[in-house]
Each structure stands twice: as C-alpha cells, then as structure tokens.
file upload_34.pdb (PDB, C-alpha atoms)
MODEL        1
ATOM      1  CA  MET A   1     -19.445   9.145  13.524
ATOM      2  CA  CYS A   2     -18.055   8.437  10.048
ATOM      3  CA  LEU A   3     -20.058   6.135   7.787
ATOM      4  CA  TRP A   4     -18.915   4.379   4.608
ATOM      5  CA  ARG A   5     -20.552   2.395   1.858
ATOM      6  CA  LEU A   6     -20.271  -1.325   2.519
ATOM      7  CA  SER A   7     -18.441  -1.890  -0.785
ATOM      8  CA  LYS A   8     -15.789   0.646   0.232
ATOM      9  CA  ARG A   9     -15.300  -1.049   3.600
ATOM     10  CA  ILE A  10     -14.813  -4.414   1.857
ATOM     11  CA  ALA A  11     -12.419  -3.051  -0.789
ATOM     12  CA  HIS A  12     -10.377  -1.193   1.815
ATOM     13  CA  GLY A  13      -9.961  -4.240   4.016
ATOM     14  CA  SER A  14      -9.568  -7.057   1.498
ATOM     15  CA  ARG A  15      -8.108  -8.053  -1.867
ATOM     16  CA  TRP A  16     -11.317  -7.235  -3.755
ATOM     17  CA  SER A  17     -12.050  -4.108  -5.763
ATOM     18  CA  ARG A  18     -15.189  -2.062  -5.056
ATOM     19  CA  ARG A  19     -16.850  -3.549  -8.126
ATOM     20  CA  GLN A  20     -16.063  -7.079  -6.927
ATOM     21  CA  ALA A  21     -17.307  -6.124  -3.458
ATOM     22  CA  LEU A  22     -20.622  -4.993  -4.936
ATOM     23  CA  ASP A  23     -20.942  -8.337  -6.697
ATOM     24  CA  LEU A  24     -20.351 -10.187  -3.405
ATOM     25  CA  ILE A  25     -23.004  -8.036  -1.708
ATOM     26  CA  ARG A  26     -25.599  -8.610  -4.434
ATOM     27  CA  LYS A  27     -25.000 -12.370  -4.287
ATOM     28  CA  GLY A  28     -25.807 -12.382  -0.579
ATOM     29  CA  LYS A  29     -22.310 -13.379   0.509
ATOM     30  CA  ILE A  30     -21.838 -10.507   2.982
ATOM     31  CA  SER A  31     -23.388 -10.072   6.401
ATOM     32  CA  VAL A  32     -23.361  -6.988   8.610
ATOM     33  CA  ASP A  33     -23.712  -7.479  12.352
ATOM     34  CA  GLY A  34     -24.922 -11.035  11.747
ATOM     35  CA  SER A  35     -27.529 -10.284   9.052
ATOM     36  CA  ILE A  36     -27.041 -10.933   5.333
ATOM     37  CA  THR A  37     -27.557  -7.846   3.175
ATOM     38  CA  GLU A  38     -27.830  -7.531  -0.592
ATOM     39  CA  ASP A  39     -27.766  -3.725  -0.490
ATOM     40  CA  ASN A  40     -24.731  -1.431  -0.490
ATOM     41  CA  ILE A  41     -25.681   0.043   2.873
ATOM     42  CA  MET A  42     -23.784   2.533   5.007
ATOM     43  CA  VAL A  43     -21.707   1.003   7.802
ATOM     44  CA  GLY A  44     -19.824   2.494  10.724
ATOM     45  CA  PRO A  45     -16.491   1.637  12.373
ATOM     46  CA  SER A  46     -18.174  -0.622  14.932
ATOM     47  CA  SER A  47     -20.089  -2.658  12.315
ATOM     48  CA  ILE A  48     -18.956  -6.289  12.042
ATOM     49  CA  VAL A  49     -18.693  -7.164   8.338
ATOM     50  CA  THR A  50     -18.319 -10.862   7.562
ATOM     51  CA  LEU A  51     -17.790 -12.769   4.334
ATOM     52  CA  GLU A  52     -19.650 -16.027   3.737
ATOM     53  CA  GLY A  53     -17.575 -18.660   5.500
ATOM     54  CA  GLY A  54     -16.719 -16.517   8.506
ATOM     55  CA  THR A  55     -13.902 -14.228   7.321
ATOM     56  CA  VAL A  56     -14.222 -10.908   9.156
ATOM     57  CA  ILE A  57     -13.368  -7.831   7.095
ATOM     58  CA  ARG A  58     -11.656  -5.328   9.341
ATOM     59  CA  ALA A  59     -12.839  -1.804  10.057
ATOM     60  CA  LEU A  60     -11.567   1.125   8.051
ATOM     61  CA  THR A  61      -8.404   2.686   9.406
ATOM     62  CA  GLU A  62      -5.682   4.811   7.866
ATOM     63  CA  PRO A  63      -3.884   2.788   5.160
ATOM     64  CA  ARG A  64      -0.455   1.470   6.083
ATOM     65  CA  LEU A  65       2.399   0.473   3.789
ATOM     66  CA  PHE A  66       5.314  -1.885   4.353
ATOM     67  CA  ARG A  67       8.408  -2.892   2.427
ATOM     68  CA  TYR A  68       9.695  -6.461   2.515
ATOM     69  CA  PHE A  69      12.901  -7.998   1.168
ATOM     70  CA  LYS A  70      11.587 -11.089  -0.594
ATOM     71  CA  PRO A  71      14.168 -13.882  -0.717
ATOM     72  CA  ASP A  72      14.774 -16.217  -3.638
ATOM     73  CA  GLY A  73      12.754 -19.442  -3.806
ATOM     74  CA  VAL A  74       9.382 -18.325  -2.476
ATOM     75  CA  LEU A  75       6.069 -17.377  -4.136
ATOM     76  CA  VAL A  76       4.023 -14.195  -3.663
ATOM     77  CA  THR A  77       0.591 -15.735  -3.165
ATOM     78  CA  ASN A  78      -1.644 -16.710  -0.274
ATOM     79  CA  HIS A  79      -1.626 -20.394  -1.181
ATOM     80  CA  ASP A  80       0.155 -22.622  -3.677
ATOM     81  CA  PRO A  81      -1.660 -25.839  -4.706
ATOM     82  CA  ALA A  82       1.718 -27.442  -5.429
ATOM     83  CA  GLY A  83       2.826 -26.865  -1.847
ATOM     84  CA  ARG A  84       5.692 -24.503  -2.597
ATOM     85  CA  PRO A  85       6.523 -21.935   0.096
ATOM     86  CA  THR A  86       4.806 -18.541  -0.045
ATOM     87  CA  VAL A  87       5.722 -15.234   1.580
ATOM     88  CA  PHE A  88       2.638 -15.538   3.800
ATOM     89  CA  ASP A  89       3.768 -18.853   5.284
ATOM     90  CA  PRO A  90       5.285 -18.893   8.795
ATOM     91  CA  GLY A  91       8.951 -17.954   8.676
ATOM     92  CA  TYR A  92       8.701 -15.371   5.918
ATOM     93  CA  ILE A  93       6.822 -12.056   6.300
ATOM     94  CA  PRO A  94       6.965 -11.245  10.029
ATOM     95  CA  GLN A  95       3.650 -10.840  11.833
ATOM     96  CA  VAL A  96       2.674  -7.206  12.472
ATOM     97  CA  GLU A  97       0.753  -6.448  15.656
ATOM     98  CA  ASP A  98      -2.881  -5.345  15.125
ATOM     99  CA  ILE A  99      -2.823  -6.310  11.420
ATOM    100  CA  SER A 100      -4.621  -9.470  10.352
ATOM    101  CA  ARG A 101      -3.956  -9.153   6.616
ATOM    102  CA  LEU A 102      -1.354  -7.609   4.316
ATOM    103  CA  ILE A 103      -1.988  -7.248   0.581
ATOM    104  CA  ALA A 104       0.943  -7.652  -1.804
ATOM    105  CA  VAL A 105       1.479  -4.933  -4.394
ATOM    106  CA  GLY A 106       1.878  -7.044  -7.513
ATOM    107  CA  ARG A 107       4.146 -10.068  -7.473
ATOM    108  CA  LEU A 108       7.736 -11.163  -7.810
ATOM    109  CA  ASP A 109       8.222 -14.595  -9.351
ATOM    110  CA  PHE A 110       9.592 -17.593  -7.469
ATOM    111  CA  ASN A 111      13.265 -16.931  -8.267
ATOM    112  CA  THR A 112      13.210 -13.127  -8.119
ATOM    113  CA  GLU A 113      14.462 -11.367  -4.994
ATOM    114  CA  GLY A 114      14.095  -7.861  -3.677
ATOM    115  CA  LEU A 115      11.579  -5.225  -2.792
ATOM    116  CA  LEU A 116       7.968  -6.242  -2.303
ATOM    117  CA  LEU A 117       5.507  -3.623  -1.072
ATOM    118  CA  LEU A 118       2.543  -4.662   1.065
ATOM    119  CA  SER A 119      -0.424  -2.587   2.200
ATOM    120  CA  THR A 120      -3.319  -2.910   4.606
ATOM    121  CA  CYS A 121      -5.495  -1.178   1.989
ATOM    122  CA  GLY A 122      -6.700  -2.882  -1.178
ATOM    123  CA  GLU A 123      -7.256   0.416  -2.996
ATOM    124  CA  THR A 124      -3.709   1.605  -2.238
ATOM    125  CA  ALA A 125      -2.244  -1.719  -3.399
ATOM    126  CA  ARG A 126      -4.247  -1.671  -6.629
ATOM    127  CA  TYR A 127      -3.233   1.902  -7.428
ATOM    128  CA  LEU A 128       0.450   1.100  -6.943
ATOM    129  CA  GLU A 129       0.361  -1.981  -9.181
ATOM    130  CA  ARG A 130      -1.839  -0.800 -12.062
ATOM    131  CA  PRO A 131       0.170   0.086 -15.226
ATOM    132  CA  SER A 132      -1.816   3.300 -15.763
ATOM    133  CA  SER A 133      -0.273   4.710 -12.567
ATOM    134  CA  GLY A 134       3.079   4.818 -14.386
ATOM    135  CA  ILE A 135       5.136   3.974 -11.296
ATOM    136  CA  GLU A 136       8.725   3.046 -12.132
ATOM    137  CA  ARG A 137      10.204  -0.250 -10.951
ATOM    138  CA  ILE A 138      13.987  -0.717 -11.061
ATOM    139  CA  TYR A 139      15.740  -4.096 -11.164
ATOM    140  CA  VAL A 140      19.312  -5.311 -11.451
ATOM    141  CA  ALA A 141      20.072  -8.614 -13.150
ATOM    142  CA  TRP A 142      23.210 -10.725 -13.368
ATOM    143  CA  VAL A 143      23.128 -12.024 -16.935
ATOM    144  CA  SER A 144      25.101 -14.253 -19.255
ATOM    145  CA  GLY A 145      25.475 -13.523 -22.953
ATOM    146  CA  VAL A 146      25.795 -10.556 -25.289
ATOM    147  CA  LEU A 147      23.035  -7.939 -25.383
ATOM    148  CA  ASP A 148      21.545  -7.074 -28.761
ATOM    149  CA  GLY A 149      21.711  -3.288 -29.125
ATOM    150  CA  GLU A 150      18.930  -3.118 -31.698
ATOM    151  CA  VAL A 151      16.556  -5.084 -29.481
ATOM    152  CA  MET A 152      17.448  -2.830 -26.524
ATOM    153  CA  LYS A 153      16.460   0.202 -28.618
ATOM    154  CA  ALA A 154      13.184  -1.448 -29.615
ATOM    155  CA  LEU A 155      12.365  -2.314 -26.006
ATOM    156  CA  ALA A 156      13.048   1.266 -24.941
ATOM    157  CA  SER A 157      10.259   2.421 -27.275
ATOM    158  CA  GLY A 158       7.788  -0.335 -26.415
ATOM    159  CA  ALA A 159       7.724  -3.658 -28.238
ATOM    160  CA  VAL A 160       5.765  -6.850 -28.846
ATOM    161  CA  ILE A 161       7.370 -10.059 -27.559
ATOM    162  CA  GLU A 162       5.713 -13.390 -28.314
ATOM    163  CA  GLY A 163       2.450 -11.612 -29.101
ATOM    164  CA  VAL A 164       2.395  -9.529 -25.914
ATOM    165  CA  ARG A 165       2.734  -5.755 -26.108
ATOM    166  CA  TYR A 166       5.019  -4.170 -23.539
ATOM    167  CA  ARG A 167       5.463  -0.553 -22.550
ATOM    168  CA  PRO A 168       8.983   0.935 -22.736
ATOM    169  CA  ILE A 169      11.646  -1.116 -20.944
ATOM    170  CA  ASN A 170      15.059   0.474 -20.493
ATOM    171  CA  ILE A 171      18.153  -1.728 -20.150
ATOM    172  CA  GLU A 172      21.526  -0.304 -19.149
ATOM    173  CA  GLN A 173      24.756  -2.298 -19.057
ATOM    174  CA  ASP A 174      27.263  -2.082 -16.234
ATOM    175  CA  THR A 175      30.430  -2.389 -18.286
ATOM    176  CA  ALA A 176      32.610  -2.365 -15.175
ATOM    177  CA  SER A 177      31.117  -5.711 -14.097
ATOM    178  CA  ALA A 178      31.629  -7.427 -17.462
ATOM    179  CA  SER A 179      33.713 -10.598 -17.453
ATOM    180  CA  ALA A 180      35.500 -12.591 -20.123
ATOM    181  CA  SER A 181      32.675 -15.126 -20.004
ATOM    182  CA  HIS A 182      30.178 -12.414 -21.032
ATOM    183  CA  LYS A 183      28.594 -12.173 -17.599
ATOM    184  CA  ARG A 184      27.638  -8.769 -16.238
ATOM    185  CA  TRP A 185      25.130  -6.753 -14.246
ATOM    186  CA  VAL A 186      22.420  -4.843 -16.097
ATOM    187  CA  ARG A 187      19.918  -2.317 -14.782
ATOM    188  CA  VAL A 188      16.308  -2.589 -15.986
ATOM    189  CA  SER A 189      13.608   0.038 -15.462
ATOM    190  CA  LEU A 190       9.946  -0.169 -16.453
ATOM    191  CA  ALA A 191       6.532   1.091 -15.367
ATOM    192  CA  GLU A 192       4.308  -1.970 -15.555
ATOM    193  CA  GLY A 193       4.463  -5.472 -14.127
ATOM    194  CA  LYS A 194       3.347  -8.128 -16.575
ATOM    195  CA  ASN A 195       4.167 -11.755 -15.832
ATOM    196  CA  ARG A 196       7.947 -12.369 -15.982
ATOM    197  CA  GLU A 197       8.325  -9.161 -17.974
ATOM    198  CA  VAL A 198      11.963  -8.444 -17.077
ATOM    199  CA  ARG A 199      13.091 -12.003 -17.784
ATOM    200  CA  LYS A 200      11.265 -12.069 -21.131
ATOM    201  CA  ALA A 201      12.712  -8.710 -22.173
ATOM    202  CA  LEU A 202      16.257  -9.770 -21.322
ATOM    203  CA  ALA A 203      15.787 -13.097 -23.117
ATOM    204  CA  ALA A 204      14.593 -11.194 -26.192
ATOM    205  CA  ALA A 205      17.733  -9.060 -25.950
ATOM    206  CA  GLY A 206      19.863 -12.197 -26.105
ATOM    207  CA  VAL A 207      20.929 -12.852 -22.512
ATOM    208  CA  LYS A 208      20.110 -15.410 -19.833
ATOM    209  CA  VAL A 209      19.172 -14.171 -16.362
ATOM    210  CA  MET A 210      21.224 -15.776 -13.590
ATOM    211  CA  ARG A 211      19.921 -13.600 -10.760
ATOM    212  CA  LEU A 212      17.227 -10.907 -10.607
ATOM    213  CA  VAL A 213      16.678  -8.372  -7.822
ATOM    214  CA  ARG A 214      14.119  -5.566  -7.604
ATOM    215  CA  LEU A 215      15.769  -2.527  -6.073
ATOM    216  CA  SER A 216      12.964  -0.002  -5.955
ATOM    217  CA  TYR A 217       9.284   0.658  -6.590
ATOM    218  CA  GLY A 218       8.458   4.332  -7.068
ATOM    219  CA  PRO A 219       9.921   6.288  -4.125
ATOM    220  CA  TYR A 220      10.502   3.136  -2.037
ATOM    221  CA  ASP A 221      13.711   1.070  -2.118
ATOM    222  CA  LEU A 222      15.627  -1.718  -0.400
ATOM    223  CA  ASP A 223      18.044   0.498   1.522
ATOM    224  CA  GLY A 224      18.774  -0.903   4.969
ATOM    225  CA  LEU A 225      16.721  -4.096   4.547
ATOM    226  CA  GLU A 226      18.099  -7.610   4.824
ATOM    227  CA  PRO A 227      16.460 -10.642   3.161
ATOM    228  CA  ASN A 228      13.196 -11.579   4.885
ATOM    229  CA  GLU A 229      13.005  -8.285   6.811
ATOM    230  CA  LEU A 230       9.879  -6.113   6.918
ATOM    231  CA  ASP A 231       9.470  -2.508   7.968
ATOM    232  CA  GLU A 232       6.804   0.162   7.724
ATOM    233  CA  VAL A 233       7.208   3.171   5.449
ATOM    234  CA  ALA A 234       5.269   6.412   5.279
ATOM    235  CA  ILE A 235       2.627   6.819   2.597
ATOM    236  CA  THR A 236       3.597  10.020   0.824
ATOM    237  CA  ALA A 237       1.132  12.894   0.493
ATOM    238  CA  GLU A 238       1.427  12.526  -3.285
ATOM    239  CA  LEU A 239       0.459   8.842  -3.119
ATOM    240  CA  LYS A 240      -2.519   9.560  -0.832
ATOM    241  CA  ARG A 241      -3.753  12.229  -3.236
ATOM    242  CA  ALA A 242      -3.287   9.968  -6.275
ATOM    243  CA  VAL A 243      -5.217   7.091  -4.659
ATOM    244  CA  THR A 244      -8.060   9.461  -3.735
ATOM    245  CA  GLU A 245      -8.208  10.826  -7.288
ATOM    246  CA  GLN A 246      -8.190   7.311  -8.753
ATOM    247  CA  LYS A 247     -11.034   6.245  -6.454
ATOM    248  CA  ALA A 248     -13.083   9.209  -7.700
ATOM    249  CA  LEU A 249     -12.381   8.248 -11.321
ATOM    250  CA  ASP A 250     -13.321   4.621 -10.675
ATOM    251  CA  SER A 251     -16.573   5.719  -9.030
ATOM    252  CA  ASP A 252     -17.426   7.884 -12.043
ATOM    253  CA  LYS A 253     -16.849   4.950 -14.407
ATOM    254  CA  GLN A 254     -19.278   2.789 -12.427
ATOM    255  CA  ARG A 255     -22.173   5.243 -12.754
ATOM    256  CA  PRO A 256     -24.840   3.968 -15.184
ATOM    257  CA  GLY A 257     -24.901   5.791 -18.499
ATOM    258  CA  ASP A 258     -21.529   7.460 -18.025
ATOM    259  CA  ASP A 259     -19.080   7.455 -20.898
ATOM    260  CA  ALA A 260     -15.820   5.981 -19.612
ATOM    261  CA  GLY A 261     -13.812   8.403 -21.682
ATOM    262  CA  GLY A 262     -14.533   7.759 -25.318
ATOM    263  CA  THR A 263     -12.508   5.839 -27.844
ATOM    264  CA  GLN A 264      -8.765   6.206 -27.778
ATOM    265  CA  ALA A 265      -7.312   7.364 -31.047
ATOM    266  CA  PRO A 266      -5.193   4.695 -32.715
ATOM    267  CA  SER A 267      -1.439   5.247 -32.653
ATOM    268  CA  ASN A 268       0.431   5.640 -35.917
ATOM    269  CA  ASP A 269       3.577   4.274 -34.271
ATOM    270  CA  ALA A 270       3.174   0.506 -34.109
ATOM    271  CA  PRO A 271       5.515  -1.169 -31.607
ATOM    272  CA  LYS A 272       8.318  -3.261 -33.050
ATOM    273  CA  ARG A 273       7.739  -7.004 -32.976
ATOM    274  CA  ILE A 274      10.666  -8.938 -31.566
ATOM    275  CA  VAL A 275      10.946 -12.488 -32.881
ATOM    276  CA  MET A 276      12.700 -14.843 -30.474
ATOM    277  CA  ASP A 277      14.692 -17.810 -31.744
TER     278      ASP A 277
ENDMDL
END

call {"tool": "encode", "arguments": {"input": "upload_34.pdb", "output": "structure tokens"}}
result
Amino acid sequence: MCLWRLSKRIAHGSRWSRRQALDLIRKGKISVDGSITEDNIMVGPSSIVTLEGGTVIRALTEPRLFRYFKPDGVLVTNHDPAGRPTVFDPGYIPQVEDISRLIAVGRLDFNTEGLLLLSTCGETARYLERPSSGIERIYVAWVSGVLDGEVMKALASGAVIEGVRYRPINIEQDTASASASHKRWVRVSLAEGKNREVRKALAAAGVKVMRLVRLSYGPYDLDGLEPNELDEVAITAELKRAVTEQKALDSDKQRPGDDAGGTQAPSNDAPKRIVMD
C-alpha cells in the first residue's frame, strides 16, 4: 500500500500549498480518521482527512486536467462577496462525475473570455500558473486606437508600468482587420499572469480593449470548445515531469539550513519605465 505525507495529501487535494498544509496541521486544524493531529504523519488511500469545519480532503489519485471556455461577465473565484456570478456557480462549469473540486489555474478577469484550465491537483495547478514555469499564454484583443510602436518595443523587452515590473509582453497587429475608426485585432503573448496584465499593457501602448479572449495556455487551446463547455485533456509527459521536478525543488527549499539558491546577481539592463497619461 502506498503511503504519503499528510501535507502532500492536503496539497494534492486542495488549493493549499504543502507549506500552507503544514501550517494547518501544526495549528491542529486537520484530523485523520476522526482524530486531530499536529504531526505530518503518513497516511494511506483509505485514510479520511478532514479540515476543521468538516471539509473532507479527497484521497490521492492521478491528477486530471480540464479546459473550460470561460464566458464574458463571470468571475474566476469560489465566492464573490458582492454577489457577482462565478464560474463555480450552478450553470457555469459543468459537474464532473467523481470529482468534488476543481482548482482554477490562475484567473481571467470578469470581462475576459476564453481558455481557463482547471485541475484536480493543487500542485499541478500551481506549477502551471507560477511565472517561473515560463508557460506562454496567448490572447487576442479587439482594440480601439493607435498602437505606440516604441512602447510595444519596450514591452517586448520587459517594462515597468505604474510601478509594476512585467516580463516581456509581445504585441502583434493584425493589419488585415484594421478599420477606418482605428479598430483592429491584436495578438498578445506573455509568460506570466499578473492582475489585468494584458489590459494594462495595451493601455500603456495607447489602445482601449473592447474585447479580450485567451486562446491558449502552453500546449492547450480553445479548439473545438464553445462558451461554457468543459472537456478533459491529457496531462503531457513533459508536464508530469516538470511538476515532479518542481515538487523536489520546493521540498529542498523547505529543509532547515538549506540555502535556497544564493543571491541573484543584479541585472545591468534595467527595464524601461512606461509613464501613462
């Protein structure tokens, strides 16, 4: 029988990281088979792991990954205090048999449409969304206005907008779609997901976003999906290997006395600061 550390079981079956899971354990908020434990014990597939309040954390199984076509006008969150609709409300993400919880890979804002990945595994979701993974996201935007070529060049090298440093953002114009009113489609690619990053980059480049759609996330895209549809996709061997390697690195960083990698040498190439009017 396979056994796992309790923190791994929690991280695999919830939104928490292994470090957060350890904190929950040490605070006495986790019970195993009805008994509270403050130790990171070994648990098996038949162990019933429960969070304070009664939430049962499912047993470890093979991670699963889904793609969902998020429609406009809905939030990616489990609950909105303002009462706005979320993708986890009835009528949005379809229920999947034998799965009690899906974890969103990052977020799309309220008015952004397109591809949203969801996983049954917290570690897989966190690997996919972390900027250090370098996974490319591609968007198309219908914009109004004239793009500033110099700002586009600055963004492509990494820039600072309103005090926030962004990694390279590439913007390509679709000249065939341009209209006399200066409206056109643009393609945006980037490898991180800061809050409203695409909209802020396009605003800095001088255009207003009228519609924004995410087309792809790494090797996964929207092909064949209609708005509000969900389907399962295979987790590639490369992704499985990368998640495993990242878990090993994270475990090494948590060991007492370990050096997390030393001090990064400062870059001589400071990013350009873009001042918005």

call {"tool": "resolve_selection", "arguments": {"input": "upload_34.pdb", "expression": "the PyMOL selection byres ((chain A and resi 113-115) around 12)", "output": "ChimeraX atom specification"}}
result
/A:66-76,87,104-112,116-118,137-141,210-231

call {"tool": "resolve_selection", "arguments": {"input": "upload_34.pdb", "expression": "the PyMOL selection byres ((chain A and resi 233) around 6)", "output": "ChimeraX atom specification"}}
result
/A:65-66,232,234

call {"tool": "write_last_selection", "arguments": {"input": "upload_34.pdb", "atoms": "C-alpha atoms", "output": "PDB file, in the coordinates of the input"}}
result
ATOM      1  CA  LEU A  65       2.399   0.473   3.789  1.00  0.00           C
ATOM      2  CA  PHE A  66       5.314  -1.885   4.353  1.00  0.00           C
ATOM      3  CA  GLU A 232       6.804   0.162   7.724  1.00  0.00           C
ATOM      4  CA  ALA A 234       5.269   6.412   5.279  1.00  0.00           C
TER       5      ALA A 234
END

call {"tool": "atom_distance", "arguments": {"input": "upload_34.pdb", "atom1": "CA of Ile103 (chain A)", "atom2": "CA of Glu197 (chain A)"}}
result
21.3 Å

call {"tool": "axis_aligned_box", "arguments": {"input": "upload_34.pdb", "around": "region 209-221 of chain A", "padding_each_side": "6 Å", "output": "JSON"}}
result
{"center_x": 14.8, "center_y": -4.7, "center_z": -9.2, "size_x": 24.8, "size_y": 34.1, "size_z": 26.3}

call {"tool": "atom_distance", "arguments": {"input": "upload_34.pdb", "atom1": "CA of Ile30 (chain A)", "atom2": "CA of Thr61 (chain A)"}}
result
19.9 Å

call {"tool": "resolve_selection", "arguments": {"input": "upload_34.pdb", "expression": "the PyMOL selection byres ((chain A and resi 20) around 12)", "output": "count of residues only"}}
result
23

call {"tool": "residues_around", "arguments": {"input": "upload_34.pdb", "residues": "Glu172 (chain A)", "least_positions_apart": "5", "cutoff": "12 Å", "atoms": "all atoms listed in the file", "output": "list in words"}}
result
Ile138, Tyr139, Val140, Ala141, Leu147, Asp148, Gly149, Met152, Lys153, Leu155, Ala156, Arg184, Trp185, Val186, Arg187, Val188, Ser189, Leu190, Leu202 and Ala205 of chain A

call {"tool": "atom_distance", "arguments": {"input": "upload_34.pdb", "atom1": "CA of Gly158 (chain A)", "atom2": "CA of Arg130 (chain A)"}}
result
17.3 Å

call {"tool": "residues_around", "arguments": {"input": "upload_34.pdb", "residues": "Gly34 (chain A)", "least_positions_apart": "6", "cutoff": "10 Å", "atoms": "all atoms listed in the file", "output": "PyMOL selection string"}}
result
chain A and resi 47-50

call {"tool": "closest_residue", "arguments": {"input": "upload_34.pdb", "among": "A:Glu245, A:Glu150, A:Glu123, A:Asp33", "to": "Pro45 (chain A)", "atoms": "only C-alpha atoms"}}
result
A:Asp33

call {"tool": "closest_residue", "arguments": {"input": "upload_34.pdb", "among": "A:Val209, A:Ala201, A:Ile235, A:Ile93", "to": "Glu62 (chain A)", "atoms": "only C-alpha atoms"}}
result
A:Ile235

call {"tool": "residues_near_point", "arguments": {"input": "upload_34.pdb", "point": "(-0.1, -2.4, -11.0)", "cutoff": "7 Å", "atoms": "only C-alpha atoms", "output": "PDB file with C-alpha atoms, in the coordinates of the input"}}
result
ATOM      1  CA  GLY A 106       1.878  -7.044  -7.513  1.00  0.00           C
ATOM      2  CA  ARG A 126      -4.247  -1.671  -6.629  1.00  0.00           C
ATOM      3  CA  TYR A 127      -3.233   1.902  -7.428  1.00  0.00           C
ATOM      4  CA  LEU A 128       0.450   1.100  -6.943  1.00  0.00           C
ATOM      5  CA  GLU A 129       0.361  -1.981  -9.181  1.00  0.00           C
ATOM      6  CA  ARG A 130      -1.839  -0.800 -12.062  1.00  0.00           C
ATOM      7  CA  PRO A 131       0.170   0.086 -15.226  1.00  0.00           C
ATOM      8  CA  GLU A 192       4.308  -1.970 -15.555  1.00  0.00           C
ATOM      9  CA  GLY A 193       4.463  -5.472 -14.127  1.00  0.00           C
TER      10      GLY A 193
END

call {"tool": "closest_residue", "arguments": {"input": "upload_34.pdb", "among": "A:Asp89, A:Arg9, A:Asn78, A:Ile36", "to": "Cys121 (chain A)", "atoms": "only C-alpha atoms"}}
result
A:Arg9

call {"tool": "closest_residue", "arguments": {"input": "upload_34.pdb", "among": "A:Phe88, A:Leu102, A:Ala203, A:Ile274", "to": "Thr124 (chain A)", "atoms": "all atoms listed in the file"}}
result
A:Leu102

call {"tool": "build_atoms", "arguments": {"input": "upload_34.pdb", "residues": "region 145-159 of chain A", "atoms": "N, CA, C and O atoms", "output": "compact mmCIF listing (two decimals), in the frame of the given file"}}
result
# COMPACT_ATOMS: atom_id res chain seq x y z
N GLY A 145 25.72 -13.69 -21.53
CA GLY A 145 25.48 -13.52 -22.95
C GLY A 145 25.79 -12.12 -23.41
O GLY A 145 26.27 -11.27 -22.65
N VAL A 146 25.52 -11.86 -24.68
CA VAL A 146 25.80 -10.56 -25.29
C VAL A 146 24.48 -9.88 -25.64
O VAL A 146 23.64 -10.45 -26.35
N LEU A 147 24.28 -8.67 -25.13
CA LEU A 147 23.04 -7.94 -25.38
C LEU A 147 22.97 -7.44 -26.82
O LEU A 147 23.96 -6.96 -27.37
N ASP A 148 21.80 -7.55 -27.40
CA ASP A 148 21.54 -7.07 -28.76
C ASP A 148 21.12 -5.61 -28.70
O ASP A 148 20.04 -5.29 -28.19
N GLY A 149 21.97 -4.73 -29.20
CA GLY A 149 21.71 -3.29 -29.12
C GLY A 149 20.44 -2.86 -29.82
O GLY A 149 19.71 -1.98 -29.34
N GLU A 150 20.13 -3.49 -30.96
CA GLU A 150 18.93 -3.12 -31.70
C GLU A 150 17.67 -3.51 -30.92
O GLU A 150 16.68 -2.77 -30.90
N VAL A 151 17.70 -4.67 -30.29
CA VAL A 151 16.56 -5.08 -29.48
C VAL A 151 16.40 -4.16 -28.27
O VAL A 151 15.28 -3.80 -27.90
N MET A 152 17.50 -3.76 -27.66
CA MET A 152 17.45 -2.83 -26.52
C MET A 152 16.77 -1.52 -26.92
O MET A 152 15.95 -0.97 -26.18
N LYS A 153 17.09 -1.03 -28.12
CA LYS A 153 16.46 0.20 -28.62
C LYS A 153 14.97 0.00 -28.82
O LYS A 153 14.15 0.86 -28.50
N ALA A 154 14.60 -1.16 -29.39
CA ALA A 154 13.18 -1.45 -29.62
C ALA A 154 12.43 -1.53 -28.30
O ALA A 154 11.32 -1.00 -28.16
N LEU A 155 13.01 -2.19 -27.31
CA LEU A 155 12.36 -2.31 -26.01
C LEU A 155 12.17 -0.96 -25.36
O LEU A 155 11.17 -0.71 -24.69
N ALA A 156 13.13 -0.06 -25.55
CA ALA A 156 13.05 1.27 -24.94
C ALA A 156 11.89 2.09 -25.50
O ALA A 156 11.45 3.06 -24.86
N SER A 157 11.38 1.70 -26.66
CA SER A 157 10.26 2.42 -27.28
C SER A 157 8.93 1.69 -27.10
O SER A 157 7.89 2.19 -27.53
N GLY A 158 8.98 0.51 -26.50
CA GLY A 158 7.79 -0.34 -26.42
C GLY A 158 7.82 -1.35 -27.54
O GLY A 158 8.09 -0.99 -28.69
N ALA A 159 7.59 -2.62 -27.22
CA ALA A 159 7.72 -3.66 -28.24
C ALA A 159 6.74 -4.79 -27.97
O ALA A 159 6.13 -4.86 -26.90
